[in-house]
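Colleague: Take a look at this one; I'll ask things after.
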There are 2 protein chains.
Amino acid sequence: MTHSPADLERFFNPRSIAIIGASNKFATISGKPLRFLLEHGYKGKIYPINPKYDELMGVKVYPSVLAVPDPIDAALIAVNYRLVLPMLKQCVEKGIKYATVFASGFAESGPEGKELQRQIGELARETGMGVCGPNCQGMVNLKDGCVGGFSASLEIKPLRVGPIGYVTQSGALGYSIFNMAQESGVGFSYIASTGNEVDLHTLDFMAYMLEDPSTRMVVAYLEGIKNGKQFADLTDRALELGKPLVALKVGRSEIGMKAAASHTGSLTGSDATVEAFFNQKGILRTDDIEDMIDIAALMQRIPALPQGKGLGIITTSGGAGILVADTAEEIGVDLPALDPDTTAAIEAVIPAYGSALNPVDVTAAVINEADDFVKVMQALVAVETIDALVIVVTMISGASGAQMARDIVKMTGMTDKPIVVAWTAGERLMGDNLQILRDGEVQVFQSPVRATKAMGRLMRFGEFRNQMLARTSTGDVEETPAEVKARALEILAGADRALTEHQGKLLLAEYGIPVPGEGVATSVDSAVQIADGIGYPVVMKIDSPDIMHKTEAGGLRLDIGDADQVRAAYTEIMSNSRAYDANARLTGVLVQEMVIGGTEVIVGLNNDPQFGPTVMFGLGGIFVEIMKDVSLRVTPLTRDDAVSMIREIKSFPILDGARGRAKLDVDAIADVLLRVSRMAVDLRDHVAELDINPLLVLPQGQGVRVADALVVKK
Amino acid sequence: MTHSPADLERFFNPRSIAIIGASNKFATISGKPLRFLLEHGYKGKIYPINPKYDELMGVKVYPSVLAVPDPIDAALIAVNYRLVLPMLKQCVEKGIKYATVFASGFAESGPEGKELQRQIGELARETGMGVCGPNCQGMVNLKDGCVGGFSASLEIKPLRVGPIGYVTQSGALGYSIFNMAQESGVGFSYIASTGNEVDLHTLDFMAYMLEDPSTRMVVAYLEGIKNGKQFADLTDRALELGKPLVALKVGRSEIGMKAAASHTGSLTGSDATVEAFFNQKGILRTDDIEDMIDIAALMQRIPALPQGKGLGIITTSGGAGILVADTAEEIGVDLPALDPDTTAAIEAVIPAYGSALNPVDVTAAVINEADDFVKVMQALVAVETIDALVIVVTMISGASGAQMARDIVKMTGMTDKPIVVAWTAGERLMGDNLQILRDGEVQVFQSPVRATKAMGRLMRFGEFRNQMLARTSTGDVEETPAEVKARALEILAGADRALTEHQGKLLLAEYGIPVPGEGVATSVDSAVQIADGIGYPVVMKIDSPDIMHKTEAGGLRLDIGDADQVRAAYTEIMSNSRAYDANARLTGVLVQEMVIGGTEVIVGLNNDPQFGPTVMFGLGGIFVEIMKDVSLRVTPLTRDDAVSMIREIKSFPILDGARGRAKLDVDAIADVLLRVSRMAVDLRDHVAELDINPLLVLPQGQGVRVADALVVKK
């Protein structure tokens, strides 16, 4: 069941909380929640529940939630797994809206736990009470000191409040990431640990946080993704709001994926699909805890998202400038060239052995003259093509370093363009200067590479968002008319699980995908008639739902030039096929236009368990099979998606007129991809796979033709 | 001039040091060296030189080095750049062996500085005095407190001594890296900042450190590499000694490379060549300051290099295990499957919701039973295929965490297999436990990814080293007989700058590279005679040093089946070519065996300014030109290099019998690569480029043939 952000209001902002199983062991799961709520200054009402106590830490204890006279918004269930279900039933009876179950011992532990978990899920579905967990580490609303968890990471007081919302599918690792982020200065609005996700799940929580006005970014640690459609909606909303989604999605590798499946029991799709989806939707994927924290730390401190990918670099050491330039190229960020006026302004204040190009090397001598460094920063920020600055300071310590730090802080007050600092030195030597930056809310890293990567990710998100928002007309193909869909379903209904080539092409033709002229002949004469209609030369192939390998069966003839040859070919193909498989149903011979001179590409359609239909594209033969040179998108595709997936394959120059070839009809390919996408969405419950192999691409303006197609039903 | 390690003994271990230009401004370049030498406890004699003072910090000052009565090993020159040359001359007169010049204002500043630098270089060459710099930040011998520098990073006392040698081509960035490394616990033996490298240079210093018994690893920050041959020798020695070389080589990107060239004035070759060389020689290249420090930190703490790339993983959280598994796959490290006994031993001590596979998830419950965690570590270390362990601990704080830390420390005392810990939590919460590990000399990171990457790099180095040492016979082709080389030089001498196809093939044939039967005919009759000798069909091509595009000239005929056709072709080719270019020298018609059915590959030879001849390999046509699917090696190649460069291209399956093709003669290709390498080395002063395009590869056992070759002289 999906819970909307409005639904979840009382989960994240409960006015009252019951702690079922609260105890006086204040260092354990049952004791910590009460202590944490009190210590972090939760202002709502707390009802510890345990028949053994009258009072805990000065708070009245009730023997059961049913004994509490007032209404209760949420419950934390801190009892042994065997007692969870009866306690949940009491919660329902009491009218509690949300329950968070800490205990493990459920689906992750074996058949008994699995059955218990199933019952909890059923209870949630039947009663509408939202259940978080089991096997989770709870929720925290940092803004209100509402600490509904037991992680040791919550021992630190005060917790740092800030604009980052955080959802984690791993309790232990998740809260340890939270702790690392807190200690490196990242402030959070909300945290949710999702555990086994029997009811409330990751995307519900992310959606809530996204809508929260105090939250500027949502980060997530993910092992499995349950609902591709919901995730897609979430990303659209994130782009609209300008709040980046950042995800550490583990399980890239085969072993990692297996480990993830056994850890959370969630069915993971292929990582290639995840990667495609993230790229398509602007989700920032990270490979490590550290980059995730870096991006959050930077986002929390910049006034606004960067608006494009033009990066300005200022360094006090040429070496650091090279390192940043290398990183910028690697991550696809541009270093705009500076106009002559800007260059002149910079040259006026830096020594001859510096550099007034971008990267600008001001050298350590910049500290000698009071305003020089400020002038350089101002000059770069004023360049229109520069959207953000990376400033690298090396060994500038003492008063000069302090002055630079103050200058940078001042500069961030004078521009909306984001600035990040890398100060390549340790705390012991440079701590005071770093503190000036931190007090001034300027994000500072040690590593120039990490600083550049974090800024680069936000730059690319800002640019991606602007592109998405600027797209007025999508240019995508229109809605499918009802009669087309009806005819398509009819074709599918009349076919075996694997459609014949002719059936497949009829289906594609319904969706306006160009198939060559063709028809199935059931006699020598009808073959000639069809061939005459198409014009010569033609191709002839056996039409049978039982013969997959036509060449092997002797059921294929190419380049047939006239009616006599058609007659001969018909007889041959039929008798070869009969000899090949005496029991095969031979429904006739497919007579087909012979397309001459096209370049072979492949368009495929597959179904991902989480993201639904995906479209694959690549050049035919070795390019796909040996070079693995393919692109992938999750449906529905936009025209931009279709165009970018054609252009991103390495062999694209072959389609684009490389080495004196003709430019081929790339627009027509894009059109096919869009139509396949529309078909995939329309028929997602009916079509399992589609393989157009090959699609023949003719020169620009001459279109494409489906030479062969295999459709497999669900 | 190259300075051998023995030469440099008194540079790194001077018994006495003069500081020329020493002053009482103890916070500046001229004042810091004396203060640092005293504060860090240098035991040798110090002679501050300055006519203005009698004494500084209690040390007698001399007006000039010539006034010092005793011998001096080394001088630090801390005067303005204009005074450097006269001071160096005094050093020579005094018989000082090494001088380090701090001042900038030389080649990096303009023509005047460039000329001054040239004169310094000349002085060094003529007198044999070793000069470090100019524009450098000096040398440090940490073991003896001999601090010959002025970086603010040297303010920290005591400096941490350890097994890492460090050379940097950037002063400011270099010493800031040093500071970051020191503050994160890395101890150093020596540091050298090389500046403009007028005389002493990076590789000299690296070679010295490599031979130092207290140094276990040499790390370098590199912008340009000056002497590929010297570097190659250095890497061989590093493998012999089992001391990894680690390099942060910047200038990967185009902008970065330009910035590097302007920053150090060093001519940088292509980054692809650097990358090839590093891979070939086992140099560990890093992309960031942090990975460089990570590898050094880990090396300093493990008892021995890992012996292979089998990694065992233990985590307290399933999520962390997935993250480590993903990282392991990404960096090419294996996760060996565990045998049933090991699995059983682990299952006996972990809960049902843990995992006894590799990665082993012991869960947080492992802290409940005293010895369980130790048993799991012992079980994994005992597995023969496991060469190293990564242990990830998440939120285990307090006494349980302390016990785990102590258990890990104890474990490192019981095995030579390296162990690294990632403890994913901040210092504030986990500092005491982390301190137990640090006191026990166990390397601990926060990030599981960084821990795995650092260990993975050392594992791959250990494996690479073992492979290199195990190679008893190289199987490479033998030395070139003198007469072959003489004939090769003769062919080159008789040719234009670009050799004709026939001349090129004669050259290749000298080196035993299989060229098809062919001859140049100067008459119709001789053409027939040659063709008869070869056997039909043949190919005929115009032979002219002036016609590069034979097809365009009408100077090419394929598939000539008999003597009559040869006659006709001869006449046609000659008259077409004459019509194409009336002034071209037509030396005849090349009559050539027509090789049927070979697959086209390309073998190229180029010259890198630093690394000399490089060999390139790829499949013909689109594979090289569009897919950029090539491999590269620096000569000389070993047979392993040749085989690996064939196998590493993505299109290798096409040579290896993919999709029902014949397996092709890969051994014969390797043989050609080795012979080209030998030719490249023999003729490196004479041959600029070679392009065998195509080399036709026949099925296994049938060899290869050079179908066309272009050789360009230097």
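Scheme for the structure tokens: letters A, B, ... for chains in order shown; per-chain residue numbers from 1; ligand numbers from 1 in order shown.
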Residues within 7 Å of A:Val528, please, as a list in words. Count only C-alpha atoms; anything in the same chain fewer than 5 positions from it doesn't count.
Modeller: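 So, after excluding close chain neighbours, the residues are Ala563, Val566 and Arg567 of chain A.
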Colleague: Selected residues, all heavy atoms, written as a PDB file, in the first residue's frame, please.
Modeller:
```pdb
ATOM      1  N   ALA A 563       8.584 -13.872 -61.278  1.00  0.00           N
ATOM      2  CA  ALA A 563       7.467 -14.754 -60.897  1.00  0.00           C
ATOM      3  C   ALA A 563       7.863 -16.229 -60.946  1.00  0.00           C
ATOM      4  O   ALA A 563       7.484 -17.010 -60.067  1.00  0.00           O
ATOM      5  CB  ALA A 563       6.266 -14.493 -61.806  1.00  0.00           C
ATOM      6  N   VAL A 566       9.678 -17.094 -57.944  1.00  0.00           N
ATOM      7  CA  VAL A 566       8.755 -17.149 -56.807  1.00  0.00           C
ATOM      8  C   VAL A 566       8.098 -18.524 -56.740  1.00  0.00           C
ATOM      9  O   VAL A 566       8.024 -19.152 -55.683  1.00  0.00           O
ATOM     10  CB  VAL A 566       7.672 -16.053 -56.918  1.00  0.00           C
ATOM     11  CG1 VAL A 566       6.562 -16.284 -55.876  1.00  0.00           C
ATOM     12  CG2 VAL A 566       8.289 -14.676 -56.742  1.00  0.00           C
ATOM     13  N   ARG A 567       7.616 -18.995 -57.885  1.00  0.00           N
ATOM     14  CA  ARG A 567       6.967 -20.319 -57.948  1.00  0.00           C
ATOM     15  C   ARG A 567       7.909 -21.410 -57.430  1.00  0.00           C
ATOM     16  O   ARG A 567       7.571 -22.190 -56.542  1.00  0.00           O
ATOM     17  CB  ARG A 567       6.597 -20.674 -59.388  1.00  0.00           C
ATOM     18  CG  ARG A 567       5.321 -20.030 -59.857  1.00  0.00           C
ATOM     19  CD  ARG A 567       5.059 -20.331 -61.347  1.00  0.00           C
ATOM     20  NE  ARG A 567       4.677 -19.126 -62.054  1.00  0.00           N
ATOM     21  CZ  ARG A 567       3.457 -18.616 -61.997  1.00  0.00           C
ATOM     22  NH1 ARG A 567       2.513 -19.213 -61.302  1.00  0.00           N
ATOM     23  NH2 ARG A 567       3.166 -17.504 -62.646  1.00  0.00           N
TER      24      ARG A 567
END
```
Colleague: Could you list, with a cut-off of 7 Å and counting only C-alpha atoms, the residues of chain B near chain A, each shown with its nearest atom pair and the distance in Å rounded to one decimal, rows sorted by chain and ascending number, as a Markdown table?
Modeller:
```
| residue | atom | partner | partner_atom | distance |
| --- | --- | --- | --- | --- |
| B:Glu108 | CA | A:Tyr353 | CA | 5.4 |
| B:Ser109 | CA | A:Tyr353 | CA | 4.7 |
| B:Ala152 | CA | A:Met395 | CA | 6.6 |
| B:Ser170 | CA | A:Gly319 | CA | 6.0 |
| B:Ala172 | CA | A:Ser317 | CA | 6.0 |
| B:Leu173 | CA | A:Thr394 | CA | 5.7 |
| B:Ser176 | CA | A:Ala425 | CA | 5.3 |
| B:Ile177 | CA | A:Thr424 | CA | 6.7 |
| B:Asn179 | CA | A:Ala425 | CA | 5.8 |
| B:Met180 | CA | A:Gly426 | CA | 4.8 |
| B:Glu183 | CA | A:Gly426 | CA | 5.8 |
| B:Val250 | CA | A:Leu323 | CA | 5.8 |
| B:Gly251 | CA | A:Ile322 | CA | 6.1 |
| B:Arg252 | CA | A:Asp326 | CA | 5.7 |
| B:Ser253 | CA | A:Asp326 | CA | 4.8 |
| B:Ile255 | CA | A:Ala325 | CA | 6.3 |
| B:Gly256 | CA | A:Ile322 | CA | 4.5 |
| B:Ala259 | CA | A:Ile322 | CA | 6.0 |
| B:Ala260 | CA | A:Ile322 | CA | 6.3 |
| B:His263 | CA | A:Gly318 | CA | 6.1 |
| B:Asp288 | CA | A:Val449 | CA | 6.1 |
| B:Ile289 | CA | A:Ser447 | CA | 6.6 |
| B:Glu290 | CA | A:Ser447 | CA | 6.8 |
| B:Ser317 | CA | A:Ala172 | CA | 6.1 |
| B:Gly318 | CA | A:His263 | CA | 6.1 |
| B:Gly319 | CA | A:Ser170 | CA | 6.0 |
| B:Ala320 | CA | A:Leu173 | CA | 6.3 |
| B:Ile322 | CA | A:Gly256 | CA | 4.5 |
| B:Leu323 | CA | A:Val250 | CA | 5.8 |
| B:Ala325 | CA | A:Gly256 | CA | 5.2 |
| B:Asp326 | CA | A:Ser253 | CA | 4.8 |
| B:Glu329 | CA | A:Ser253 | CA | 6.2 |
| B:Ala352 | CA | A:Ser109 | CA | 5.6 |
| B:Tyr353 | CA | A:Ser109 | CA | 4.7 |
| B:Thr394 | CA | A:Leu173 | CA | 5.8 |
| B:Met395 | CA | A:Ser176 | CA | 5.6 |
| B:Thr424 | CA | A:Ser176 | CA | 5.7 |
| B:Ala425 | CA | A:Met180 | CA | 5.1 |
| B:Gly426 | CA | A:Met180 | CA | 4.8 |
| B:Ser447 | CA | A:Ile289 | CA | 6.6 |
| B:Val449 | CA | A:Asp288 | CA | 6.1 |
| B:Ile626 | CA | A:Ser651 | CA | 6.4 |
| B:Met627 | CA | A:Lys650 | CA | 6.0 |
| B:Lys650 | CA | A:Met627 | CA | 6.0 |
| B:Ser651 | CA | A:Met627 | CA | 6.1 |
| B:Pro653 | CA | A:Ile626 | CA | 6.8 |
```
Colleague: Report, in Å to a single decimal, how far apart atom CA of A:Gln565 and atom CA of A:Lys541 are.
Modeller: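 That distance, rounded to one decimal, is 13.6 Å.
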Colleague: Stretch 662-679 of chain A: which residues within 7 Å, counting only C-alpha atoms, same-chain residues fewer than 2 positions away excluded, as a compact mmCIF listing (two decimals) with C-alpha atoms, in the first residue's frame?
Modeller:
```txt
# COMPACT_ATOMS: atom_id res chain seq x y z
CA ASP A 476 6.47 12.41 -28.49
CA VAL A 477 4.00 10.35 -30.44
CA TYR A 511 1.84 1.09 -33.96
CA ILE A 513 6.42 1.08 -37.15
CA VAL A 615 13.94 -0.33 -24.47
CA THR A 635 9.66 3.41 -20.66
CA PRO A 636 7.89 5.68 -21.34
CA LEU A 637 10.55 7.37 -23.49
CA ARG A 639 11.86 12.09 -27.77
CA ALA A 642 15.13 8.33 -27.86
CA VAL A 643 17.59 10.71 -29.49
CA LEU A 655 25.01 6.03 -38.41
CA ASP A 656 26.20 9.61 -38.59
CA GLY A 657 28.25 9.50 -41.78
CA GLY A 660 32.56 9.03 -45.96
CA VAL A 681 3.34 0.84 -22.14
CA ASP A 682 0.01 0.00 -23.79
CA LEU A 683 0.65 -3.73 -23.85
CA VAL A 697 18.28 1.97 -41.53
CA LEU A 698 18.38 3.77 -44.89
CA PRO A 699 19.98 7.10 -45.72
CA GLN A 700 18.53 10.30 -44.23
CA GLY A 701 14.96 10.90 -45.36
CA GLN A 702 14.50 7.31 -46.58
CA GLY A 703 13.38 5.84 -43.30
CA VAL A 704 13.81 2.42 -41.74
```
Colleague: Residues within 6 Å of stretch 292-308 of chain B, please, as a list in words. Count only C-alpha atoms; anything in the same chain fewer than 3 positions from it doesn't count.
Modeller: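 Result of the neighbour search: Ala181, Val186, Thr286, Ile289, Asp387, Asp416, Pro418, Glu441, Gln443, Ala454, Met459, Gly462 and Glu463 of chain B.
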Colleague: Kindly save the residues from that selection, with all heavy atoms included, as a JSON list (two decimals), in the first residue's frame.
Modeller:
```json
[["chain", "number", "residue", "atom", "x", "y", "z"],
["B", 181, "ALA", "N", 48.76, 13.77, 4.90],
["B", 181, "ALA", "CA", 49.17, 12.39, 5.18],
["B", 181, "ALA", "C", 49.66, 12.27, 6.63],
["B", 181, "ALA", "O", 49.29, 11.34, 7.35],
["B", 181, "ALA", "CB", 50.26, 11.95, 4.22],
["B", 186, "VAL", "N", 50.29, 8.92, 8.56],
["B", 186, "VAL", "CA", 51.29, 8.30, 7.71],
["B", 186, "VAL", "C", 52.68, 8.84, 8.06],
["B", 186, "VAL", "O", 52.88, 10.05, 8.13],
["B", 186, "VAL", "CB", 51.00, 8.57, 6.22],
["B", 186, "VAL", "CG1", 52.08, 7.92, 5.34],
["B", 186, "VAL", "CG2", 49.62, 8.05, 5.85],
["B", 286, "THR", "N", 47.09, 6.75, -8.88],
["B", 286, "THR", "CA", 45.92, 7.20, -8.13],
["B", 286, "THR", "C", 45.36, 8.45, -8.79],
["B", 286, "THR", "O", 46.05, 9.14, -9.53],
["B", 286, "THR", "CB", 46.26, 7.50, -6.67],
["B", 286, "THR", "OG1", 47.13, 8.64, -6.61],
["B", 286, "THR", "CG2", 46.95, 6.33, -6.01],
["B", 289, "ILE", "N", 44.59, 12.78, -4.18],
["B", 289, "ILE", "CA", 45.47, 12.83, -3.03],
["B", 289, "ILE", "C", 45.07, 11.76, -2.02],
["B", 289, "ILE", "O", 45.92, 11.08, -1.45],
["B", 289, "ILE", "CB", 45.35, 14.22, -2.38],
["B", 289, "ILE", "CG1", 45.84, 15.30, -3.34],
["B", 289, "ILE", "CG2", 46.08, 14.25, -1.07],
["B", 289, "ILE", "CD1", 45.42, 16.71, -2.91],
["B", 387, "ASP", "N", 43.75, -13.93, 0.50],
["B", 387, "ASP", "CA", 45.07, -13.30, 0.67],
["B", 387, "ASP", "C", 45.03, -12.09, 1.59],
["B", 387, "ASP", "O", 46.08, -11.60, 2.01],
["B", 387, "ASP", "CB", 45.59, -12.84, -0.70],
["B", 387, "ASP", "CG", 45.73, -14.01, -1.67],
["B", 387, "ASP", "OD1", 46.53, -14.91, -1.38],
["B", 387, "ASP", "OD2", 45.01, -14.04, -2.68],
["B", 416, "ASP", "N", 50.20, -13.30, 8.75],
["B", 416, "ASP", "CA", 50.91, -12.38, 7.86],
["B", 416, "ASP", "C", 49.98, -11.82, 6.79],
["B", 416, "ASP", "O", 50.36, -10.94, 6.03],
["B", 416, "ASP", "CB", 52.05, -13.13, 7.16],
["B", 416, "ASP", "CG", 53.39, -12.72, 7.75],
["B", 416, "ASP", "OD1", 53.39, -12.01, 8.78],
["B", 416, "ASP", "OD2", 54.42, -13.11, 7.18],
["B", 418, "PRO", "N", 47.42, -9.51, 5.27],
["B", 418, "PRO", "CA", 47.05, -8.15, 5.67],
["B", 418, "PRO", "C", 45.56, -8.01, 5.99],
["B", 418, "PRO", "O", 44.73, -8.63, 5.34],
["B", 418, "PRO", "CB", 47.39, -7.31, 4.43],
["B", 418, "PRO", "CG", 48.20, -8.18, 3.56],
["B", 418, "PRO", "CD", 47.89, -9.59, 3.90],
["B", 441, "GLU", "N", 48.48, -0.58, 15.57],
["B", 441, "GLU", "CA", 49.03, -0.51, 14.21],
["B", 441, "GLU", "C", 48.14, -1.21, 13.18],
["B", 441, "GLU", "O", 48.62, -1.84, 12.24],
["B", 441, "GLU", "CB", 50.45, -1.09, 14.16],
["B", 441, "GLU", "CG", 51.49, -0.25, 14.86],
["B", 441, "GLU", "CD", 51.72, 1.11, 14.17],
["B", 441, "GLU", "OE1", 51.82, 1.14, 12.94],
["B", 441, "GLU", "OE2", 51.77, 2.13, 14.89],
["B", 443, "GLN", "N", 45.37, -0.47, 10.30],
["B", 443, "GLN", "CA", 44.87, 0.65, 9.51],
["B", 443, "GLN", "C", 43.35, 0.63, 9.50],
["B", 443, "GLN", "O", 42.73, -0.38, 9.18],
["B", 443, "GLN", "CB", 45.42, 0.58, 8.08],
["B", 443, "GLN", "CG", 44.97, 1.72, 7.19],
["B", 443, "GLN", "CD", 45.33, 3.10, 7.76],
["B", 443, "GLN", "OE1", 46.35, 3.26, 8.43],
["B", 443, "GLN", "NE2", 44.48, 4.08, 7.52],
["B", 454, "ALA", "N", 42.10, 0.56, -1.28],
["B", 454, "ALA", "CA", 43.52, 0.59, -0.88],
["B", 454, "ALA", "C", 44.08, -0.83, -0.82],
["B", 454, "ALA", "O", 45.13, -1.13, -1.37],
["B", 454, "ALA", "CB", 43.67, 1.30, 0.47],
["B", 459, "MET", "N", 46.88, -5.66, -3.31],
["B", 459, "MET", "CA", 46.69, -7.06, -3.71],
["B", 459, "MET", "C", 47.10, -7.25, -5.17],
["B", 459, "MET", "O", 47.79, -8.21, -5.52],
["B", 459, "MET", "CB", 45.23, -7.47, -3.51],
["B", 459, "MET", "CG", 44.83, -7.51, -2.05],
["B", 459, "MET", "SD", 43.05, -7.78, -1.82],
["B", 459, "MET", "CE", 43.05, -9.59, -1.93],
["B", 462, "GLY", "N", 50.80, -7.09, -5.43],
["B", 462, "GLY", "CA", 51.42, -8.32, -4.94],
["B", 462, "GLY", "C", 51.32, -9.44, -5.97],
["B", 462, "GLY", "O", 52.29, -10.17, -6.23],
["B", 463, "GLU", "N", 50.14, -9.55, -6.60],
["B", 463, "GLU", "CA", 49.95, -10.58, -7.60],
["B", 463, "GLU", "C", 50.81, -10.32, -8.84],
["B", 463, "GLU", "O", 51.47, -11.23, -9.36],
["B", 463, "GLU", "CB", 48.47, -10.62, -8.01],
["B", 463, "GLU", "CG", 48.14, -11.87, -8.77],
["B", 463, "GLU", "CD", 46.85, -11.73, -9.56],
["B", 463, "GLU", "OE1", 46.53, -10.60, -10.01],
["B", 463, "GLU", "OE2", 46.19, -12.76, -9.74]]
```
Colleague: Write out as a PyMOL selection string the residues lying within 10 Å of A:Gln610, counting only C-alpha atoms and excluding same-chain residues fewer than 2 positions away.
Modeller: chain A and resi 224-229+231+267-270+273-274+607-608+612-613
Colleague: Kindly export the residues of the current selection with C-alpha atoms, as a PDB file, in the first residue's frame.
Modeller:
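Everything below was put into selection.pdb:
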```
ATOM      1  CA  GLY A 224      16.257  -2.864  -3.738  1.00  0.00           C
ATOM      2  CA  ILE A 225      13.665  -0.708  -5.508  1.00  0.00           C
ATOM      3  CA  LYS A 226      10.071  -1.840  -5.251  1.00  0.00           C
ATOM      4  CA  ASN A 227       7.966   0.352  -7.502  1.00  0.00           C
ATOM      5  CA  GLY A 228       9.499   1.874 -10.581  1.00  0.00           C
ATOM      6  CA  LYS A 229       6.395   3.886 -11.446  1.00  0.00           C
ATOM      7  CA  PHE A 231       9.912   6.242  -8.181  1.00  0.00           C
ATOM      8  CA  LEU A 267      13.825  -8.841  -5.955  1.00  0.00           C
ATOM      9  CA  THR A 268      16.406  -6.645  -7.608  1.00  0.00           C
ATOM     10  CA  GLY A 269      16.286  -5.928 -11.321  1.00  0.00           C
ATOM     11  CA  SER A 270      19.422  -5.590 -13.369  1.00  0.00           C
ATOM     12  CA  THR A 273      18.267  -0.802 -15.697  1.00  0.00           C
ATOM     13  CA  VAL A 274      18.791   1.018 -12.427  1.00  0.00           C
ATOM     14  CA  ASN A 607      10.631  -6.245 -18.753  1.00  0.00           C
ATOM     15  CA  ASP A 608      12.371  -5.333 -15.533  1.00  0.00           C
ATOM     16  CA  GLY A 612       8.632  -2.453 -16.149  1.00  0.00           C
ATOM     17  CA  PRO A 613       9.334  -2.315 -19.882  1.00  0.00           C
TER      18      PRO A 613
END
```
Colleague: When DSSP works through the backbone of this structure, what residues of stretch 225-392 of chain B end up as strand (DSSP E), shown as a count of residues only?
Modeller: 19
